[in-house]
Amino acid sequence: MGLFDRAVATVLPAVPRSIVQRISAPYIAGPTLDDAIRTVASLNAEGKRATVDVLGEEIHSAEEAHAIAAAYGDALAAIDEGGFDANISVKLTGLGLKLDLELCHELLVGLVLDAAERGSFVRIDMEDATCVDDTLALYRTLRGDGHENVGIVLQSYLKRTLHDIADLRELRPSVRLCKGIYIEPASIAFRDAEVVRRSFVAALDALLDGGSRVAIATHDEALLGASLERIASLPHDGYEFQMLLGVREGRASELVTEGHPLRVYVPYGQRWYEYSLRRLQENPHMAGVIARATLARAVKRS
């Protein structure tokens with residue numbers, strides 16, 4: 001990752017929205033639920049499962065939180081009515097985690113109950129380190145209240161993750177394991193890529209050891225190889241692979257052809273621009289790609 005890419009990441013808001021939209025389009029289903037459902041249908045036709053994410057976690061009022069919850073409810077209904085192989089992934093800040101914990105809990109329970117009635121599942125996404133304790137606490141509360149159709153996400157770059165796995169072991173949680181993308185201080189997060197990989201494998205071993213069903217969320221070929229070795233003797237309902245929409249689609253298809261269950265993360269919503277900026281700021285290399293596209297366009301016009 002070059003200095004140019006890092007520098008560009010800090011000035012992304014000045015990049016024309018049209019260019020950001022063009023670069024990010026492969027990774028977002030579109031602004032509407034219909035866009036998301038078309039994408040889910042296409043993925044299902046390829047033998048891939050889906051998980052739908054409503055963009056818009058940057059909320060500032062209870063009314064916005066209710067609107068996000070309603071959008072998720074609409075997604076659950078559309079998935080159910082269409083008979084699609086899909087569920088939902090929920091970012092709790094979009095349900096008011098930073099505004100009102102009771103409101104967040106109320107809205108989350110509503111979605112989990114709705115999903116249960118439809119025979120579906122809710123994955124609680126993990127966000128930055130300031131959200132981890134409250135997110136895990138809400139997950140524990142739901143499980144303690146008898147809700148089984150809910151899972152959590154753990155990030156291997158956080159130094160606390162193995163401790164969290166041990167702490168959750170008795171629940172045998174359904175866990176999406178990923179590296180993690182938020183920028184965190186070195187005091188709480190591993191920075192070296194190889195150390196993050198080793199932590200991922202250690203976390204995967206610990207989860208499988210504890211009887212958890214693991215969604216292995218990675219595009220890293222080394223981690224895919226290590227994961228394939230570890231799940232070789234598991235039944236297909238004991239694990240799945242997960243990838244982002246538009247990323248390593250060929251590799252995803254290979255895994256499906258080999259008989260592995262694979263789910264694709266499908267974000268959609270009106271707030272695509274904010275989501276795109278955040279993703280690009282977290283990925284300076286892609287920010288550099290956008291900047292080069294902007295420069296090329298300017299040169300072409302001159």
# chains A, B, ... in the order shown; residues from 1 in each chain; ligands from 1
>>> select_by_dssp(residues="stretch 37-250 of chain A", states="strand (DSSP E)", output="PyMOL selection string")
chain A and resi 49-54+86-90+122-124+150-155+174-178+213-217+239-244
>>> write_last_selection(atoms="N, CA, C and O atoms", output="short mmCIF file (atom, residue, chain, number, x, y, z; two decimals), in the first residue's frame")
data_model
loop_
_atom_site.label_atom_id
_atom_site.label_comp_id
_atom_site.auth_asym_id
_atom_site.auth_seq_id
_atom_site.Cartn_x
_atom_site.Cartn_y
_atom_site.Cartn_z
N ARG A 49 -25.71 -18.91 -1.45
CA ARG A 49 -26.64 -18.31 -0.49
C ARG A 49 -26.35 -16.82 -0.40
O ARG A 49 -25.38 -16.32 -0.96
N ALA A 50 -27.18 -16.09 0.36
CA ALA A 50 -26.97 -14.66 0.50
C ALA A 50 -27.32 -14.21 1.91
O ALA A 50 -28.10 -14.86 2.61
N THR A 51 -26.72 -13.10 2.31
CA THR A 51 -27.14 -12.41 3.53
C THR A 51 -27.28 -10.94 3.19
O THR A 51 -26.38 -10.35 2.59
N VAL A 52 -28.43 -10.36 3.49
CA VAL A 52 -28.76 -9.01 3.07
C VAL A 52 -28.48 -8.01 4.19
O VAL A 52 -28.87 -8.22 5.34
N ASP A 53 -27.79 -6.93 3.82
CA ASP A 53 -27.44 -5.87 4.77
C ASP A 53 -28.04 -4.56 4.29
O ASP A 53 -27.81 -4.14 3.15
N VAL A 54 -28.82 -3.91 5.15
CA VAL A 54 -29.39 -2.60 4.84
C VAL A 54 -28.38 -1.52 5.22
O VAL A 54 -28.03 -1.38 6.40
N ALA A 86 -31.59 -17.11 1.80
CA ALA A 86 -30.95 -15.87 2.26
C ALA A 86 -31.42 -15.55 3.68
O ALA A 86 -32.47 -16.01 4.13
N ASN A 87 -30.61 -14.77 4.37
CA ASN A 87 -30.99 -14.24 5.68
C ASN A 87 -30.56 -12.78 5.75
O ASN A 87 -30.30 -12.17 4.72
N ILE A 88 -30.52 -12.20 6.95
CA ILE A 88 -30.11 -10.80 7.07
C ILE A 88 -28.93 -10.66 8.02
O ILE A 88 -28.75 -11.47 8.94
N SER A 89 -28.12 -9.64 7.77
CA SER A 89 -27.02 -9.26 8.65
C SER A 89 -27.30 -7.84 9.15
O SER A 89 -27.56 -6.94 8.34
N VAL A 90 -27.24 -7.65 10.44
CA VAL A 90 -27.67 -6.39 11.06
C VAL A 90 -26.51 -5.70 11.79
O VAL A 90 -25.86 -6.32 12.65
N VAL A 122 -30.81 -14.32 11.85
CA VAL A 122 -30.26 -12.96 11.93
C VAL A 122 -28.81 -13.03 12.37
O VAL A 122 -28.51 -13.59 13.43
N ARG A 123 -27.93 -12.48 11.56
CA ARG A 123 -26.52 -12.38 11.94
C ARG A 123 -26.27 -10.97 12.47
O ARG A 123 -26.54 -9.99 11.78
N ILE A 124 -25.77 -10.87 13.69
CA ILE A 124 -25.42 -9.57 14.26
C ILE A 124 -23.99 -9.24 13.83
O ILE A 124 -23.04 -9.90 14.24
N VAL A 150 -29.99 -16.74 15.91
CA VAL A 150 -29.19 -15.51 15.90
C VAL A 150 -27.72 -15.87 16.06
O VAL A 150 -27.37 -16.78 16.81
N GLY A 151 -26.88 -15.19 15.30
CA GLY A 151 -25.45 -15.43 15.36
C GLY A 151 -24.67 -14.14 15.53
O GLY A 151 -25.24 -13.05 15.48
N ILE A 152 -23.38 -14.28 15.69
CA ILE A 152 -22.52 -13.15 16.00
C ILE A 152 -21.33 -13.16 15.04
O ILE A 152 -21.11 -14.11 14.30
N VAL A 153 -20.55 -12.09 15.06
CA VAL A 153 -19.33 -11.98 14.25
C VAL A 153 -18.16 -11.71 15.18
O VAL A 153 -18.26 -10.90 16.11
N LEU A 154 -17.04 -12.38 14.94
CA LEU A 154 -15.80 -12.12 15.67
C LEU A 154 -14.70 -11.81 14.67
O LEU A 154 -14.66 -12.35 13.57
N GLN A 155 -13.77 -10.94 15.11
CA GLN A 155 -12.72 -10.42 14.22
C GLN A 155 -11.35 -10.87 14.72
O GLN A 155 -10.98 -10.57 15.86
N SER A 174 -23.21 -19.61 16.75
CA SER A 174 -22.97 -19.54 15.31
C SER A 174 -22.16 -18.26 15.09
O SER A 174 -22.61 -17.16 15.42
N VAL A 175 -20.95 -18.40 14.54
CA VAL A 175 -20.03 -17.28 14.44
C VAL A 175 -19.56 -17.08 13.02
O VAL A 175 -19.12 -18.03 12.36
N ARG A 176 -19.67 -15.85 12.52
CA ARG A 176 -18.95 -15.47 11.31
C ARG A 176 -17.57 -14.99 11.76
O ARG A 176 -17.44 -14.04 12.53
N LEU A 177 -16.54 -15.66 11.28
CA LEU A 177 -15.17 -15.28 11.62
C LEU A 177 -14.55 -14.54 10.44
O LEU A 177 -14.53 -15.05 9.31
N CYS A 178 -14.08 -13.33 10.70
CA CYS A 178 -13.43 -12.54 9.66
C CYS A 178 -12.16 -11.92 10.23
O CYS A 178 -11.90 -11.99 11.43
N ARG A 213 -20.84 -23.60 14.97
CA ARG A 213 -20.99 -23.58 13.52
C ARG A 213 -20.32 -22.30 13.04
O ARG A 213 -20.67 -21.21 13.47
N VAL A 214 -19.36 -22.42 12.14
CA VAL A 214 -18.55 -21.27 11.75
C VAL A 214 -18.81 -20.88 10.31
O VAL A 214 -18.79 -21.72 9.40
N ALA A 215 -19.07 -19.58 10.11
CA ALA A 215 -19.11 -19.00 8.77
C ALA A 215 -17.73 -18.39 8.54
O ALA A 215 -17.36 -17.41 9.17
N ILE A 216 -16.97 -19.00 7.64
CA ILE A 216 -15.58 -18.61 7.41
C ILE A 216 -15.57 -17.51 6.36
O ILE A 216 -15.75 -17.76 5.16
N ALA A 217 -15.39 -16.27 6.82
CA ALA A 217 -15.51 -15.11 5.95
C ALA A 217 -14.13 -14.58 5.58
O ALA A 217 -13.52 -13.82 6.34
N TYR A 239 -20.69 -25.80 8.72
CA TYR A 239 -19.86 -24.64 8.35
C TYR A 239 -20.38 -24.04 7.05
O TYR A 239 -21.22 -24.64 6.36
N GLU A 240 -19.90 -22.87 6.71
CA GLU A 240 -20.06 -22.33 5.38
C GLU A 240 -18.96 -21.30 5.14
O GLU A 240 -18.36 -20.79 6.10
N PHE A 241 -18.69 -21.02 3.89
CA PHE A 241 -17.78 -19.94 3.54
C PHE A 241 -18.62 -18.70 3.24
O PHE A 241 -19.77 -18.81 2.81
N GLN A 242 -18.02 -17.53 3.47
CA GLN A 242 -18.72 -16.29 3.15
C GLN A 242 -17.76 -15.34 2.43
O GLN A 242 -16.58 -15.25 2.77
N MET A 243 -18.30 -14.64 1.44
CA MET A 243 -17.52 -13.64 0.71
C MET A 243 -18.38 -12.41 0.44
O MET A 243 -19.61 -12.47 0.54
N LEU A 244 -17.72 -11.31 0.12
CA LEU A 244 -18.41 -10.07 -0.20
C LEU A 244 -18.87 -10.07 -1.65
O LEU A 244 -18.22 -10.66 -2.53
#
>>> residues_around(residues="stretch 179-193 of chain A", least_positions_apart="4", cutoff="7 Å", atoms="only C-alpha atoms", output="list in words")
Asp128, Gln155, Ser156, Tyr157, Leu158, Lys159, Arg197, Phe200 and Glu282 of chain A
>>> select_by_dssp(residues="stretch 79-245 of chain A", states="alpha helix (DSSP H)", output="MDAnalysis selection string")
chainID A and resid 79:82 101:117 132:144 161:168 193:209 221:231
>>> closest_residue(among="A:Arg248, A:His219, A:His163, A:His260", to="A:Ala232", atoms="only C-alpha atoms")
A:His260
>>> atom_distance(atom1="atom CA of A:Leu33", atom2="atom CA of A:Glu106")
23.3 Å
>>> residues_around(residues="stretch 131-147 of chain A", least_positions_apart="5", cutoff="12 Å", atoms="only C-alpha atoms", output="compact mmCIF listing (two decimals) with C-alpha atoms, in the first residue's frame")
# COMPACT_ATOMS: atom_id res chain seq x y z
CA VAL A 90 -27.67 -6.39 11.06
CA LYS A 91 -25.32 -3.63 12.22
CA LEU A 92 -26.51 -2.63 15.67
CA THR A 93 -25.49 1.02 15.34
CA GLY A 94 -28.22 1.18 12.69
CA LEU A 95 -30.72 0.04 15.33
CA GLY A 96 -29.57 2.67 17.81
CA LEU A 97 -26.71 0.98 19.70
CA LYS A 98 -24.98 4.32 20.29
CA LEU A 99 -28.23 6.14 21.02
CA ASP A 100 -30.27 3.92 23.32
CA LEU A 101 -29.41 0.35 24.28
CA GLU A 102 -33.01 -0.46 25.26
CA LEU A 103 -34.27 0.74 21.89
CA CYS A 104 -31.59 -1.30 20.11
CA HIS A 105 -32.54 -4.40 22.10
CA GLU A 106 -36.24 -3.89 21.38
CA LEU A 107 -35.72 -3.50 17.63
CA LEU A 108 -33.29 -6.42 17.46
CA VAL A 109 -35.66 -8.75 19.33
CA GLY A 110 -38.42 -7.77 16.94
CA LEU A 111 -36.32 -8.76 13.95
CA VAL A 112 -35.18 -12.03 15.54
CA LEU A 113 -38.80 -12.97 16.32
CA ASP A 114 -39.91 -12.05 12.80
CA ALA A 115 -37.07 -14.14 11.33
CA ALA A 116 -37.93 -17.08 13.59
CA GLU A 117 -41.55 -17.08 12.42
CA SER A 120 -34.90 -17.50 9.01
CA PHE A 121 -31.79 -16.26 10.78
CA VAL A 122 -30.26 -12.96 11.93
CA ARG A 123 -26.52 -12.38 11.94
CA ILE A 124 -25.42 -9.57 14.26
CA ASP A 125 -22.53 -7.82 12.54
CA MET A 126 -19.52 -6.66 14.54
CA ILE A 152 -22.52 -13.15 16.00
CA VAL A 153 -19.33 -11.98 14.25
CA LEU A 154 -15.80 -12.12 15.67
CA GLN A 155 -12.72 -10.42 14.22
CA LEU A 158 -8.62 -8.01 17.79
CA ARG A 160 -9.38 -10.15 22.71
CA THR A 161 -10.99 -12.59 20.28
CA ASP A 164 -14.29 -13.92 23.69
CA ILE A 165 -14.47 -17.36 22.07
CA ASP A 167 -16.29 -16.84 27.10
CA LEU A 168 -18.98 -17.78 24.57
CA ARG A 169 -18.10 -21.47 24.40
CA GLU A 170 -21.00 -22.73 26.51
CA LEU A 171 -23.45 -21.18 24.03
CA ARG A 172 -21.91 -23.01 21.06
CA PRO A 173 -22.55 -19.85 19.04
CA SER A 174 -22.97 -19.54 15.31
CA VAL A 175 -20.03 -17.28 14.44
CA TYR A 182 -11.78 -1.13 11.25
CA ILE A 188 -5.97 -3.79 21.07
>>> atom_distance(atom1="atom CA of A:Pro26", atom2="atom CA of A:Leu223")
23.6 Å
>>> atom_distance(atom1="atom CA of A:Ala222", atom2="atom CA of A:Glu127")
24.5 Å
>>> closest_residue(among="A:Ile59, A:Val196, A:Ile231, A:Ile79", to="A:Thr39", atoms="only C-alpha atoms")
A:Ile79
>>> closest_residue(among="A:Glu64, A:Glu148, A:Asp74, A:Glu58", to="A:Ala36", atoms="only C-alpha atoms")
A:Asp74
